[in-house]
file final_18.tsv (TSV, C-alpha atoms and all ligand atoms)
chain	number	residue	atom	x	y	z
O	27	GLU	CA	0.00	0.00	0.00
O	28	ALA	CA	1.18	3.50	-0.86
O	29	THR	CA	1.29	4.70	2.73
O	30	GLN	CA	3.42	1.80	3.97
O	31	SER	CA	6.13	2.09	1.35
O	32	VAL	CA	7.06	5.75	1.90
O	33	HIS	CA	10.15	4.88	3.87
O	34	LYS	CA	11.21	1.30	4.34
O	35	HIS	CA	9.98	0.81	7.89
O	36	LEU	CA	7.77	3.85	8.40
O	37	SER	CA	4.07	4.47	7.85
O	38	LEU	CA	3.20	7.79	6.18
O	39	ALA	CA	1.98	9.12	9.56
O	40	ASP	CA	5.35	8.28	11.15
O	41	ALA	CA	7.27	9.70	8.18
O	42	ILE	CA	5.57	13.12	8.50
O	43	ALA	CA	5.20	13.22	12.32
O	44	PHE	CA	5.74	16.50	14.18
O	45	GLU	CA	8.03	15.92	17.19
O	46	GLY	CA	6.93	12.28	17.17
O	47	ARG	CA	3.18	13.05	17.11
O	48	PRO	CA	0.67	12.61	14.25
O	49	GLN	CA	0.27	16.36	13.67
O	50	LEU	CA	0.60	18.67	10.65
O	51	LEU	CA	2.15	22.04	11.41
O	52	SER	CA	4.40	22.77	8.43
O	53	VAL	CA	5.22	21.48	4.96
O	54	ASP	CA	8.75	21.02	6.32
O	55	GLN	CA	7.45	17.68	7.63
O	56	PHE	CA	7.23	16.33	4.05
O	57	SER	CA	9.71	14.70	1.69
O	58	ARG	CA	8.88	14.24	-1.97
O	59	GLU	CA	8.08	10.56	-1.29
O	60	SER	CA	5.65	11.41	1.51
O	61	VAL	CA	3.93	14.12	-0.59
O	62	GLU	CA	3.42	11.60	-3.38
O	63	ALA	CA	2.13	8.97	-0.93
O	64	LEU	CA	-0.38	11.47	0.50
O	65	PHE	CA	-1.55	12.31	-3.04
O	66	GLN	CA	-2.14	8.61	-3.71
O	67	VAL	CA	-4.41	8.54	-0.64
O	68	ALA	CA	-6.14	11.70	-1.94
O	69	ASP	CA	-6.73	9.96	-5.31
O	70	ILE	CA	-8.39	7.08	-3.46
O	71	MET	CA	-10.58	9.62	-1.62
O	72	GLN	CA	-11.89	11.26	-4.84
O	73	PRO	CA	-15.02	9.06	-5.26
O	74	ILE	CA	-15.80	9.35	-1.52
O	75	ALA	CA	-15.39	13.14	-1.72
O	76	ARG	CA	-17.93	13.18	-4.58
O	77	ARG	CA	-20.26	10.77	-2.69
O	78	GLN	CA	-19.98	8.14	-5.42
O	79	LYS	CA	-18.66	5.80	-2.71
O	80	ILE	CA	-19.28	5.81	1.04
O	81	SER	CA	-16.69	5.36	3.79
O	82	ARG	CA	-17.37	5.35	7.56
O	83	VAL	CA	-13.77	4.90	8.78
O	84	LEU	CA	-14.08	7.87	11.17
O	85	GLU	CA	-17.54	6.91	12.50
O	86	GLY	CA	-17.84	8.03	16.14
O	87	ALA	CA	-14.86	10.39	15.89
O	88	VAL	CA	-15.32	14.11	16.62
O	89	LEU	CA	-13.32	16.97	15.07
O	90	GLY	CA	-12.76	20.26	16.92
O	91	ASN	CA	-12.58	23.03	14.30
O	92	LEU	CA	-11.09	26.05	16.14
O	93	PHE	CA	-10.92	29.15	13.97
O	94	PHE	CA	-9.74	32.38	15.61
O	95	GLU	CA	-9.51	34.15	12.23
O	96	ALA	CA	-11.97	34.50	9.34
O	97	SER	CA	-12.31	31.51	7.00
O	98	THR	CA	-14.81	30.04	4.56
O	99	ARG	CA	-13.07	27.29	2.58
O	100	THR	CA	-10.55	25.92	5.05
O	101	ARG	CA	-13.04	25.66	7.93
O	102	VAL	CA	-15.90	24.23	5.88
O	103	SER	CA	-13.79	21.87	3.76
O	104	PHE	CA	-11.97	20.41	6.78
O	105	GLY	CA	-15.40	19.89	8.39
O	106	ALA	CA	-16.88	18.38	5.22
O	107	ALA	CA	-13.83	16.11	4.75
O	108	PHE	CA	-14.22	14.74	8.29
O	109	CYS	CA	-17.98	14.18	7.78
O	110	ARG	CA	-17.38	12.45	4.42
O	111	LEU	CA	-15.33	9.86	6.35
O	112	GLY	CA	-18.19	9.31	8.83
O	113	GLY	CA	-17.08	11.64	11.66
O	114	SER	CA	-18.80	14.68	13.14
O	115	VAL	CA	-17.62	18.24	13.75
O	116	CYS	CA	-17.74	20.81	16.59
O	117	ASP	CA	-17.00	24.33	15.31
O	118	THR	CA	-15.99	27.46	17.14
O	119	THR	CA	-15.16	30.71	15.36
O	120	GLY	CA	-13.55	33.93	16.63
O	121	PHE	CA	-12.12	34.80	20.04
O	122	THR	CA	-15.40	36.36	21.23
O	123	PHE	CA	-17.20	33.03	21.59
O	124	SER	CA	-14.20	31.18	23.07
O	125	SER	CA	-12.94	31.37	26.65
O	126	MET	CA	-9.72	32.83	25.25
O	127	ALA	CA	-11.73	36.07	25.46
O	128	LYS	CA	-11.52	35.55	29.26
O	129	GLY	CA	-7.74	35.09	29.11
O	130	GLU	CA	-7.51	31.28	28.83
O	131	SER	CA	-4.12	30.15	27.48
O	132	ILE	CA	-3.44	28.11	24.34
O	133	TYR	CA	-2.07	25.31	26.55
O	134	ASP	CA	-5.24	25.05	28.67
O	135	THR	CA	-7.53	25.37	25.65
O	136	SER	CA	-5.69	22.58	23.85
O	137	ARG	CA	-5.65	20.25	26.90
O	138	VAL	CA	-9.38	20.79	27.49
O	139	MET	CA	-10.31	20.28	23.82
O	140	ALA	CA	-8.26	17.07	23.67
O	141	GLY	CA	-10.63	15.60	26.25
O	142	TYR	CA	-13.64	16.35	24.05
O	143	VAL	CA	-12.52	15.63	20.49
O	144	ASP	CA	-10.29	13.22	18.53
O	145	ALA	CA	-8.53	15.79	16.31
O	146	LEU	CA	-8.11	19.58	16.20
O	147	VAL	CA	-7.91	21.91	13.21
O	148	VAL	CA	-6.71	25.34	14.34
O	149	ARG	CA	-6.40	28.74	12.66
O	150	HIS	CA	-4.90	31.52	14.79
O	151	PRO	CA	-3.50	35.00	13.93
O	152	GLU	CA	-0.07	34.46	15.54
O	153	GLN	CA	2.80	32.69	13.78
O	154	GLY	CA	3.84	29.59	15.78
O	155	SER	CA	0.60	29.52	17.83
O	156	VAL	CA	-0.74	26.30	16.28
O	157	ALA	CA	2.52	24.52	17.20
O	158	GLU	CA	1.79	25.62	20.79
O	159	PHE	CA	-1.63	23.90	20.55
O	160	ALA	CA	0.09	20.81	19.16
O	161	ARG	CA	2.76	20.56	21.87
O	162	ALA	CA	0.07	20.58	24.59
O	163	THR	CA	-1.59	17.36	23.35
O	164	ASN	CA	-1.00	14.03	21.64
O	165	ILE	CA	-4.15	14.10	19.49
O	166	PRO	CA	-3.75	15.09	15.81
O	167	VAL	CA	-3.52	18.89	15.42
O	168	ILE	CA	-3.56	20.46	11.96
O	169	ASN	CA	-2.36	24.00	11.21
O	170	ALA	CA	-5.11	25.74	9.20
O	171	GLY	CA	-3.07	28.97	9.05
O	172	ASP	CA	-0.96	30.62	11.76
O	173	GLY	CA	-0.83	34.35	10.95
O	174	PRO	CA	1.77	35.01	8.24
O	175	GLY	CA	3.43	31.63	9.02
O	176	GLU	CA	2.22	28.58	7.11
O	177	HIS	CA	-0.92	27.01	5.62
O	178	PRO	CA	0.27	23.47	4.87
O	179	SER	CA	-3.04	21.90	3.81
O	180	GLN	CA	-3.60	24.74	1.28
O	181	ALA	CA	-0.13	24.21	-0.20
O	182	LEU	CA	-0.74	20.46	-0.42
O	183	LEU	CA	-4.04	20.92	-2.26
O	184	ASP	CA	-2.39	23.52	-4.53
O	185	LEU	CA	0.41	21.12	-5.45
O	186	TYR	CA	-2.09	18.26	-5.85
O	187	THR	CA	-4.07	20.45	-8.29
O	188	ILE	CA	-0.91	21.36	-10.25
O	189	GLN	CA	0.07	17.70	-10.47
O	190	ARG	CA	-3.39	16.61	-11.69
O	191	GLU	CA	-3.66	19.39	-14.28
O	192	PHE	CA	-0.09	18.81	-15.50
O	193	SER	CA	-0.82	15.11	-15.84
O	194	ARG	CA	-3.82	15.98	-18.06
O	195	LEU	CA	-1.58	18.29	-20.13
O	196	GLY	CA	1.25	15.71	-20.37
O	197	LYS	CA	3.60	17.89	-18.29
O	198	LEU	CA	5.75	17.18	-15.22
O	199	VAL	CA	6.09	19.29	-12.08
O	200	ASP	CA	9.87	18.80	-12.34
O	201	GLY	CA	11.24	21.63	-14.48
O	202	ALA	CA	8.08	23.75	-14.31
O	203	HIS	CA	8.06	27.55	-14.32
O	204	ILE	CA	5.84	28.84	-11.50
O	205	ALA	CA	5.13	32.56	-10.98
O	206	LEU	CA	3.97	33.52	-7.47
O	207	VAL	CA	2.31	36.93	-7.60
O	208	GLY	CA	1.06	39.54	-5.13
O	209	ASP	CA	1.60	39.86	-1.39
O	210	LEU	CA	4.40	37.34	-0.91
O	211	LYS	CA	5.35	38.85	2.45
O	212	TYR	CA	2.15	38.11	4.36
O	213	GLY	CA	0.66	35.42	2.07
O	214	ARG	CA	1.29	32.26	4.11
O	215	THR	CA	0.08	29.97	1.31
O	216	VAL	CA	3.01	30.99	-0.91
O	217	HIS	CA	5.48	30.40	1.91
O	218	SER	CA	4.24	26.81	2.23
O	219	LEU	CA	3.81	26.19	-1.52
O	220	SER	CA	7.29	27.43	-2.47
O	221	LYS	CA	8.86	25.08	0.10
O	222	LEU	CA	6.86	22.12	-1.27
O	223	LEU	CA	7.91	22.99	-4.84
O	224	ALA	CA	11.54	22.92	-3.68
O	225	LEU	CA	11.14	19.14	-3.27
O	226	TYR	CA	10.93	18.88	-7.09
O	227	LYS	CA	13.80	19.15	-9.58
O	228	GLY	CA	14.70	22.14	-11.74
O	229	ILE	CA	11.78	24.40	-10.79
O	230	LYS	CA	11.98	28.01	-11.97
O	231	LEU	CA	10.24	30.22	-9.41
O	232	THR	CA	9.49	33.81	-10.35
O	233	LEU	CA	8.48	35.92	-7.36
O	234	VAL	CA	6.43	38.92	-8.51
O	235	ALA	CA	5.58	41.31	-5.68
O	236	PRO	CA	4.94	45.03	-5.25
O	237	PRO	CA	7.89	46.79	-3.53
O	238	GLY	CA	7.68	46.18	0.22
O	239	LEU	CA	5.69	42.94	-0.07
O	240	GLU	CA	8.47	40.65	-1.32
O	241	MET	CA	8.96	37.06	-0.15
O	242	PRO	CA	10.65	37.08	3.31
O	243	SER	CA	14.41	36.50	3.20
O	244	TYR	CA	14.18	33.47	5.52
O	245	VAL	CA	12.00	31.69	2.93
O	246	ILE	CA	14.32	32.67	0.03
O	247	GLU	CA	17.35	31.40	1.96
O	248	ARG	CA	15.63	28.05	2.49
O	249	LEU	CA	14.68	27.79	-1.18
O	250	GLY	CA	18.22	28.70	-2.26
O	251	LYS	CA	19.49	25.41	-0.80
O	252	HIS	CA	17.49	23.43	-3.38
O	253	ASP	CA	17.75	22.72	-7.11
O	254	MET	CA	15.64	25.76	-7.99
O	255	VAL	CA	16.13	28.95	-10.02
O	256	ILE	CA	14.64	31.97	-8.24
O	257	GLU	CA	13.98	35.33	-9.87
O	258	GLN	CA	12.39	38.37	-8.22
O	259	THR	CA	10.68	41.28	-9.98
O	260	ASP	CA	7.91	43.85	-9.52
O	261	ASP	CA	7.20	43.85	-13.28
O	262	LEU	CA	4.02	41.81	-13.75
O	263	GLU	CA	4.22	41.23	-17.52
O	264	LYS	CA	7.91	40.26	-17.36
O	265	GLY	CA	7.35	37.99	-14.34
O	266	LEU	CA	4.46	36.08	-15.95
O	267	ALA	CA	6.12	35.55	-19.34
O	268	GLY	CA	6.28	31.86	-20.22
O	269	ALA	CA	4.97	30.66	-16.83
O	270	ASP	CA	3.32	27.22	-16.63
O	271	VAL	CA	1.48	28.34	-13.49
O	272	VAL	CA	0.49	31.84	-12.39
O	273	TYR	CA	-0.38	31.71	-8.68
O	274	ALA	CA	-1.97	34.98	-7.56
O	275	THR	CA	-2.49	36.09	-3.95
O	276	ARG	CA	-4.55	38.80	-2.30
O	277	ILE	CA	-2.86	41.86	-0.76
O	278	GLN	CA	-3.29	41.02	2.94
O	279	LYS	CA	-3.80	44.55	4.21
O	280	GLU	CA	-5.23	43.29	7.52
O	281	ARG	CA	-1.69	42.09	8.38
O	282	PHE	CA	0.08	45.34	7.41
O	283	GLN	CA	2.31	46.82	10.09
O	284	ASN	CA	4.35	49.74	8.70
O	285	GLU	CA	3.20	49.42	5.09
O	286	SER	CA	0.70	51.83	3.54
O	287	PHE	CA	-1.91	50.18	1.33
O	288	GLU	CA	-2.60	53.48	-0.43
O	289	GLY	CA	1.01	53.55	-1.70
O	290	TYR	CA	0.58	50.54	-4.01
O	291	ARG	CA	0.30	50.90	-7.73
O	292	PRO	CA	-3.27	50.41	-8.94
O	293	ASP	CA	-2.11	48.27	-11.89
O	294	PHE	CA	-1.01	45.16	-10.02
O	295	GLN	CA	-3.97	43.15	-11.30
O	296	ILE	CA	-4.01	39.79	-13.11
O	297	ASN	CA	-6.66	40.04	-15.81
O	298	LYS	CA	-7.48	38.49	-19.18
O	299	ALA	CA	-5.55	41.04	-21.25
O	300	LEU	CA	-2.39	40.47	-19.22
O	301	ILE	CA	-2.70	36.65	-19.29
O	302	ASP	CA	-3.40	36.65	-23.06
O	303	SER	CA	-0.32	38.77	-23.75
O	304	ALA	CA	2.14	37.15	-21.30
O	305	CYS	CA	1.05	33.49	-21.06
O	306	GLY	CA	0.32	30.45	-23.19
O	307	ALA	CA	-2.81	28.44	-23.98
O	308	ASP	CA	-2.15	25.89	-21.22
O	309	THR	CA	-0.94	28.18	-18.43
O	310	MET	CA	-2.76	27.40	-15.17
O	311	ILE	CA	-4.12	30.37	-13.23
O	312	MET	CA	-4.42	29.71	-9.51
O	313	HIS	CA	-5.32	31.61	-6.34
O	314	PRO	CA	-5.85	30.28	-2.79
O	315	LEU	CA	-8.89	32.57	-2.44
O	316	PRO	CA	-10.58	34.63	-1.18
O	317	ARG	CA	-9.88	37.27	-3.84
O	318	ASP	CA	-10.77	40.93	-3.64
O	319	GLY	CA	-13.92	41.11	-5.78
O	320	ARG	CA	-13.86	44.86	-6.57
O	321	PRO	CA	-13.44	45.47	-10.34
O	322	ASP	CA	-10.24	47.55	-9.93
O	323	ALA	CA	-8.67	45.43	-7.14
O	324	ASN	CA	-4.96	44.53	-7.20
O	325	ASP	CA	-5.89	40.87	-7.38
O	326	LEU	CA	-7.22	38.25	-9.81
O	327	SER	CA	-9.85	39.83	-12.07
O	328	THR	CA	-13.28	38.25	-12.53
O	329	ASP	CA	-12.90	38.76	-16.31
O	330	LEU	CA	-11.05	35.39	-16.32
O	331	ASN	CA	-14.02	33.53	-14.80
O	332	LEU	CA	-14.94	31.69	-18.00
O	333	ASP	CA	-11.36	31.09	-19.10
O	334	PRO	CA	-10.56	27.34	-18.96
O	335	ARG	CA	-7.05	28.18	-17.72
O	336	LEU	CA	-8.59	29.43	-14.48
O	337	ALA	CA	-8.13	26.55	-12.00
O	338	ILE	CA	-9.35	28.24	-8.81
O	339	PHE	CA	-12.55	26.22	-8.39
O	340	ARG	CA	-10.77	22.97	-9.24
O	341	GLN	CA	-8.36	23.97	-6.45
O	342	THR	CA	-11.19	24.46	-3.94
O	343	ASP	CA	-12.79	21.15	-4.99
O	344	ASN	CA	-9.48	19.36	-4.39
O	345	GLY	CA	-9.47	20.66	-0.82
O	346	ILE	CA	-11.86	17.87	0.18
O	347	PRO	CA	-9.92	14.74	-0.96
O	348	VAL	CA	-6.59	16.23	0.17
O	349	ARG	CA	-7.99	17.06	3.63
O	350	MET	CA	-9.63	13.63	3.81
O	351	ALA	CA	-6.21	12.11	3.07
O	352	ILE	CA	-4.62	14.23	5.83
O	353	PHE	CA	-7.21	13.08	8.38
O	354	ALA	CA	-7.03	9.43	7.34
O	355	THR	CA	-3.22	9.48	7.56
O	356	LEU	CA	-2.94	11.29	10.90
O	357	MET	CA	-5.72	9.17	12.43
O	358	GLY	CA	-4.21	5.90	11.20
O	359	VAL	CA	-7.09	4.77	8.96
O	360	ASP	CA	-5.46	5.41	5.55
O	361	GLY	CA	-4.69	1.71	5.03
O	362	GLN	CA	-8.27	0.81	6.01
O	363	VAL	CA	-9.68	3.23	3.39
O	364	GLN	CA	-7.33	1.87	0.72
O	365	ARG	CA	-8.34	-1.72	1.48
O	366	SER	CA	-12.05	-0.94	1.57
O	367	MET	CA	-11.90	0.93	-1.76
O	368	ARG	CA	-9.87	-1.86	-3.36
O	369	ASP	CA	-12.37	-4.46	-2.18
O	370	ALA	CA	-15.45	-2.36	-3.09
K	401	LIG	N1	-7.65	29.72	1.17
K	401	LIG	C1	-8.13	29.92	2.40
K	401	LIG	O1	-7.44	29.71	3.42
K	401	LIG	O2	-9.43	30.39	2.42
K	401	LIG	P1	-10.25	30.74	3.73
K	401	LIG	O3	-9.56	31.91	4.41
K	401	LIG	O4	-11.64	31.07	3.26
K	401	LIG	O5	-10.22	29.53	4.63
call {"tool": "encode", "arguments": {"input": "final_18.tsv", "output": "structure tokens"}}
result
Amino acid sequence: EATQSVHKHLSLADAIAFEGRPQLLSVDQFSRESVEALFQVADIMQPIARRQKISRVLEGAVLGNLFFEASTRTRVSFGAAFCRLGGSVCDTTGFTFSSMAKGESIYDTSRVMAGYVDALVVRHPEQGSVAEFARATNIPVINAGDGPGEHPSQALLDLYTIQREFSRLGKLVDGAHIALVGDLKYGRTVHSLSKLLALYKGIKLTLVAPPGLEMPSYVIERLGKHDMVIEQTDDLEKGLAGADVVYATRIQKERFQNESFEGYRPDFQINKALIDSACGADTMIMHPLPRDGRPDANDLSTDLNLDPRLAIFRQTDNGIPVRMAIFATLMGVDGQVQRSMRDA
């Protein structure tokens, strides 16, 4: 089975463990082999995600979905993924309706929740905070975004989407040209995705950001240790030229500290005219969403909505099987799902 052959004597859960526990805090926990093994589990999950097949491997299990920052897709898709495997979900959103509003610590919150639920998905505005939740308990804890830190499940579903679309187009991820565009300073999804891409060979990564919102130097230094060509520019048309994937991100003005949003050029928008002039017929256009929906926003324009190169809703759809695969792996039922699907 895919998950037992990742490393000679290790299950996938053991291969990606965080400090010895079945938890997902960062993409740093993955090797190329373990990414590919997780994607094989996600492939097996596809018919269950679409309700063409039924699995109850998590029947009786309860997920605690703790979101201390706004979310639509991550919160709902983690919940739906758990339910699709037969489990049920307890949700809490925002600090106001949590006892953290009364000063309760992350440690106490995590210890208490571990007595109520079988796994935790946590989003929190502070970098490193989800690791604090994880260290307080032995149950699976998944980082659903820790401030400007990481968003590992988003990066995994992004890479899964790239791999599936490339396979359809007869292309390999190795050697691909990927342009990451927008707020690369505060966009945690691009921090995680660029590190996952570094596991592949000969990637060309073009980092296209407005001045002041460039990729942090600690991420660039990490990427520089891999077989990867990195270019940085603030010229959109130049940065997108010849890219196999254009991955746009929203300007995260809610995280700004000393930056002034008003100072940004109004022309930092990815729209149909730009894509038609800079990119090819099979360039993938991606975005983790949400995007700024105003017509003149410095983001991904809605005039690409009917363009088949736009992969954003295929990305969101892939969030379910990838998150199902993460749960099944961390909760030790991945082999059971594989066997039941093979026998079905
Ligand atoms: N991509 C993403 O994290 O979306 P949400 O903020 O809606 O969860």
call {"tool": "atom_distance", "arguments": {"input": "final_18.tsv", "atom1": "CA of Leu206 (chain O)", "atom2": "CA of Glu176 (chain O)"}}
result
15.5 Å
call {"tool": "residues_near_ligand", "arguments": {"input": "final_18.tsv", "ligand": "ligand LIG 401 (chain K)", "cutoff": "7 Å", "atoms": "all atoms listed in the file", "output": "ChimeraX atom specification"}}
result
/O:96-101,180,314-316
call {"tool": "residues_around", "arguments": {"input": "final_18.tsv", "residues": "His177 (chain O)", "least_positions_apart": "6", "cutoff": "12 Å", "atoms": "only C-alpha atoms", "output": "PyMOL selection string"}}
result
chain O and resi 50-54+100+147-151+153-154+156+168-171+183-184+212-222+314
call {"tool": "residues_near_point", "arguments": {"input": "final_18.tsv", "point": "(-8.1, 2.2, 5.7)", "cutoff": "12 Å", "atoms": "all atoms listed in the file", "output": "PyMOL selection string"}}
result
chain O and resi 27-30+67+70-71+81-84+111+350-351+353-369
call {"tool": "write_last_selection", "arguments": {"input": "final_18.tsv", "atoms": "C-alpha atoms", "output": "CSV table (one decimal), keeping the file's coordinate frame"}}
result
chain,number,residue,atom,x,y,z
O,27,GLU,CA,0.0,0.0,0.0
O,28,ALA,CA,1.2,3.5,-0.9
O,29,THR,CA,1.3,4.7,2.7
O,30,GLN,CA,3.4,1.8,4.0
O,67,VAL,CA,-4.4,8.5,-0.6
O,70,ILE,CA,-8.4,7.1,-3.5
O,71,MET,CA,-10.6,9.6,-1.6
O,81,SER,CA,-16.7,5.4,3.8
O,82,ARG,CA,-17.4,5.4,7.6
O,83,VAL,CA,-13.8,4.9,8.8
O,84,LEU,CA,-14.1,7.9,11.2
O,111,LEU,CA,-15.3,9.9,6.4
O,350,MET,CA,-9.6,13.6,3.8
O,351,ALA,CA,-6.2,12.1,3.1
O,353,PHE,CA,-7.2,13.1,8.4
O,354,ALA,CA,-7.0,9.4,7.3
O,355,THR,CA,-3.2,9.5,7.6
O,356,LEU,CA,-2.9,11.3,10.9
O,357,MET,CA,-5.7,9.2,12.4
O,358,GLY,CA,-4.2,5.9,11.2
O,359,VAL,CA,-7.1,4.8,9.0
O,360,ASP,CA,-5.5,5.4,5.6
O,361,GLY,CA,-4.7,1.7,5.0
O,362,GLN,CA,-8.3,0.8,6.0
O,363,VAL,CA,-9.7,3.2,3.4
O,364,GLN,CA,-7.3,1.9,0.7
O,365,ARG,CA,-8.3,-1.7,1.5
O,366,SER,CA,-12.0,-0.9,1.6
O,367,MET,CA,-11.9,0.9,-1.8
O,368,ARG,CA,-9.9,-1.9,-3.4
O,369,ASP,CA,-12.4,-4.5,-2.2
call {"tool": "atom_distance", "arguments": {"input": "final_18.tsv", "atom1": "CA of Ile42 (chain O)", "atom2": "CA of Val271 (chain O)"}}
result
27.1 Å
call {"tool": "residues_near_point", "arguments": {"input": "final_18.tsv", "point": "(-8.4, 36.1, -16.5)", "cutoff": "8 Å", "atoms": "all atoms listed in the file", "output": "PyMOL selection string"}}
result
chain O and resi 296-301+311+326-331+333+336
call {"tool": "residues_around", "arguments": {"input": "final_18.tsv", "residues": "Thr232 (chain O)", "least_positions_apart": "2", "cutoff": "12 Å", "atoms": "all atoms listed in the file", "output": "PDB file with C-alpha atoms, keeping the file's coordinate frame"}}
result
ATOM      1  CA  ALA O 202       8.080  23.750 -14.310  1.00  0.00           C
ATOM      2  CA  HIS O 203       8.060  27.550 -14.320  1.00  0.00           C
ATOM      3  CA  ILE O 204       5.840  28.840 -11.500  1.00  0.00           C
ATOM      4  CA  ALA O 205       5.130  32.560 -10.980  1.00  0.00           C
ATOM      5  CA  LEU O 206       3.970  33.520  -7.470  1.00  0.00           C
ATOM      6  CA  VAL O 207       2.310  36.930  -7.600  1.00  0.00           C
ATOM      7  CA  GLY O 208       1.060  39.540  -5.130  1.00  0.00           C
ATOM      8  CA  LEU O 210       4.400  37.340  -0.910  1.00  0.00           C
ATOM      9  CA  VAL O 216       3.010  30.990  -0.910  1.00  0.00           C
ATOM     10  CA  SER O 220       7.290  27.430  -2.470  1.00  0.00           C
ATOM     11  CA  ILE O 229      11.780  24.400 -10.790  1.00  0.00           C
ATOM     12  CA  LYS O 230      11.980  28.010 -11.970  1.00  0.00           C
ATOM     13  CA  VAL O 234       6.430  38.920  -8.510  1.00  0.00           C
ATOM     14  CA  ALA O 235       5.580  41.310  -5.680  1.00  0.00           C
ATOM     15  CA  GLU O 240       8.470  40.650  -1.320  1.00  0.00           C
ATOM     16  CA  MET O 241       8.960  37.060  -0.150  1.00  0.00           C
ATOM     17  CA  ILE O 246      14.320  32.670   0.030  1.00  0.00           C
ATOM     18  CA  MET O 254      15.640  25.760  -7.990  1.00  0.00           C
ATOM     19  CA  VAL O 255      16.130  28.950 -10.020  1.00  0.00           C
ATOM     20  CA  ILE O 256      14.640  31.970  -8.240  1.00  0.00           C
ATOM     21  CA  GLU O 257      13.980  35.330  -9.870  1.00  0.00           C
ATOM     22  CA  GLN O 258      12.390  38.370  -8.220  1.00  0.00           C
ATOM     23  CA  THR O 259      10.680  41.280  -9.980  1.00  0.00           C
ATOM     24  CA  ASP O 260       7.910  43.850  -9.520  1.00  0.00           C
ATOM     25  CA  ASP O 261       7.200  43.850 -13.280  1.00  0.00           C
ATOM     26  CA  LEU O 262       4.020  41.810 -13.750  1.00  0.00           C
ATOM     27  CA  GLU O 263       4.220  41.230 -17.520  1.00  0.00           C
ATOM     28  CA  LYS O 264       7.910  40.260 -17.360  1.00  0.00           C
ATOM     29  CA  GLY O 265       7.350  37.990 -14.340  1.00  0.00           C
ATOM     30  CA  LEU O 266       4.460  36.080 -15.950  1.00  0.00           C
ATOM     31  CA  ALA O 267       6.120  35.550 -19.340  1.00  0.00           C
ATOM     32  CA  GLY O 268       6.280  31.860 -20.220  1.00  0.00           C
ATOM     33  CA  ALA O 269       4.970  30.660 -16.830  1.00  0.00           C
ATOM     34  CA  ASP O 270       3.320  27.220 -16.630  1.00  0.00           C
ATOM     35  CA  VAL O 271       1.480  28.340 -13.490  1.00  0.00           C
ATOM     36  CA  VAL O 272       0.490  31.840 -12.390  1.00  0.00           C
ATOM     37  CA  TYR O 273      -0.380  31.710  -8.680  1.00  0.00           C
ATOM     38  CA  ALA O 274      -1.970  34.980  -7.560  1.00  0.00           C
TER      39      ALA O 274
END
call {"tool": "closest_residue", "arguments": {"input": "final_18.tsv", "among": "O:Phe93, O:Phe56, O:Phe282, O:Phe192", "to": "Leu146 (chain O)", "atoms": "all atoms listed in the file"}}
result
O:Phe93
call {"tool": "closest_residue", "arguments": {"input": "final_18.tsv", "among": "O:Ser114, O:Met312, O:Phe94, O:Phe294", "to": "Met126 (chain O)", "atoms": "all atoms listed in the file"}}
result
O:Phe94
call {"tool": "atom_distance", "arguments": {"input": "final_18.tsv", "atom1": "CA of Arg281 (chain O)", "atom2": "CA of Gly175 (chain O)"}}
result
11.7 Å
call {"tool": "closest_residue", "arguments": {"input": "final_18.tsv", "among": "O:Thr342, O:Val245, O:Leu182, O:Tyr133", "to": "Glu62 (chain O)", "atoms": "all atoms listed in the file"}}
result
O:Leu182
call {"tool": "closest_residue", "arguments": {"input": "final_18.tsv", "among": "O:Leu185, O:Arg190, O:Ser155, O:Gly238", "to": "Lys211 (chain O)", "atoms": "only C-alpha atoms"}}
result
O:Gly238
call {"tool": "axis_aligned_box", "arguments": {"input": "final_18.tsv", "around": "region 53-57 of chain O", "padding_each_side": "3 Å", "output": "AutoDock Vina command-line options"}}
result
--center_x 7.5 --center_y 18.1 --center_z 4.7 --size_x 10.5 --size_y 12.8 --size_z 11.9
call {"tool": "residues_around", "arguments": {"input": "final_18.tsv", "residues": "Ala140 (chain O)", "least_positions_apart": "2", "cutoff": "12 Å", "atoms": "all atoms listed in the file", "output": "count of residues only"}}
result
25
call {"tool": "closest_residue", "arguments": {"input": "final_18.tsv", "among": "O:Gly46, O:Gly129, O:Ser57, O:Arg76", "to": "Ala107 (chain O)", "atoms": "all atoms listed in the file"}}
result
O:Arg76
call {"tool": "decode", "arguments": {"input": "final_18.tsv", "residues": "region 104-110 of chain O", "atoms": "N, CA and C atoms", "output": "mmCIF file, in the first residue's frame"}}
result
data_model
loop_
_atom_site.group_PDB
_atom_site.id
_atom_site.type_symbol
_atom_site.label_atom_id
_atom_site.label_comp_id
_atom_site.auth_asym_id
_atom_site.auth_seq_id
_atom_site.Cartn_x
_atom_site.Cartn_y
_atom_site.Cartn_z
ATOM 1 N N PHE O 104 -12.464 21.358 5.773
ATOM 2 C CA PHE O 104 -11.965 20.411 6.783
ATOM 3 C C PHE O 104 -13.164 19.712 7.438
ATOM 4 N N GLY O 105 -14.204 20.489 7.765
ATOM 5 C CA GLY O 105 -15.396 19.890 8.385
ATOM 6 C C GLY O 105 -16.059 18.892 7.456
ATOM 7 N N ALA O 106 -16.222 19.276 6.195
ATOM 8 C CA ALA O 106 -16.880 18.376 5.221
ATOM 9 C C ALA O 106 -16.046 17.118 5.003
ATOM 10 N N ALA O 107 -14.711 17.270 4.964
ATOM 11 C CA ALA O 107 -13.832 16.107 4.754
ATOM 12 C C ALA O 107 -13.993 15.110 5.902
ATOM 13 N N PHE O 108 -14.062 15.623 7.127
ATOM 14 C CA PHE O 108 -14.217 14.742 8.294
ATOM 15 C C PHE O 108 -15.578 14.033 8.238
ATOM 16 N N CYS O 109 -16.628 14.771 7.880
ATOM 17 C CA CYS O 109 -17.978 14.184 7.779
ATOM 18 C C CYS O 109 -18.038 13.141 6.664
ATOM 19 N N ARG O 110 -17.373 13.407 5.542
ATOM 20 C CA ARG O 110 -17.379 12.447 4.422
ATOM 21 C C ARG O 110 -16.771 11.098 4.824
#
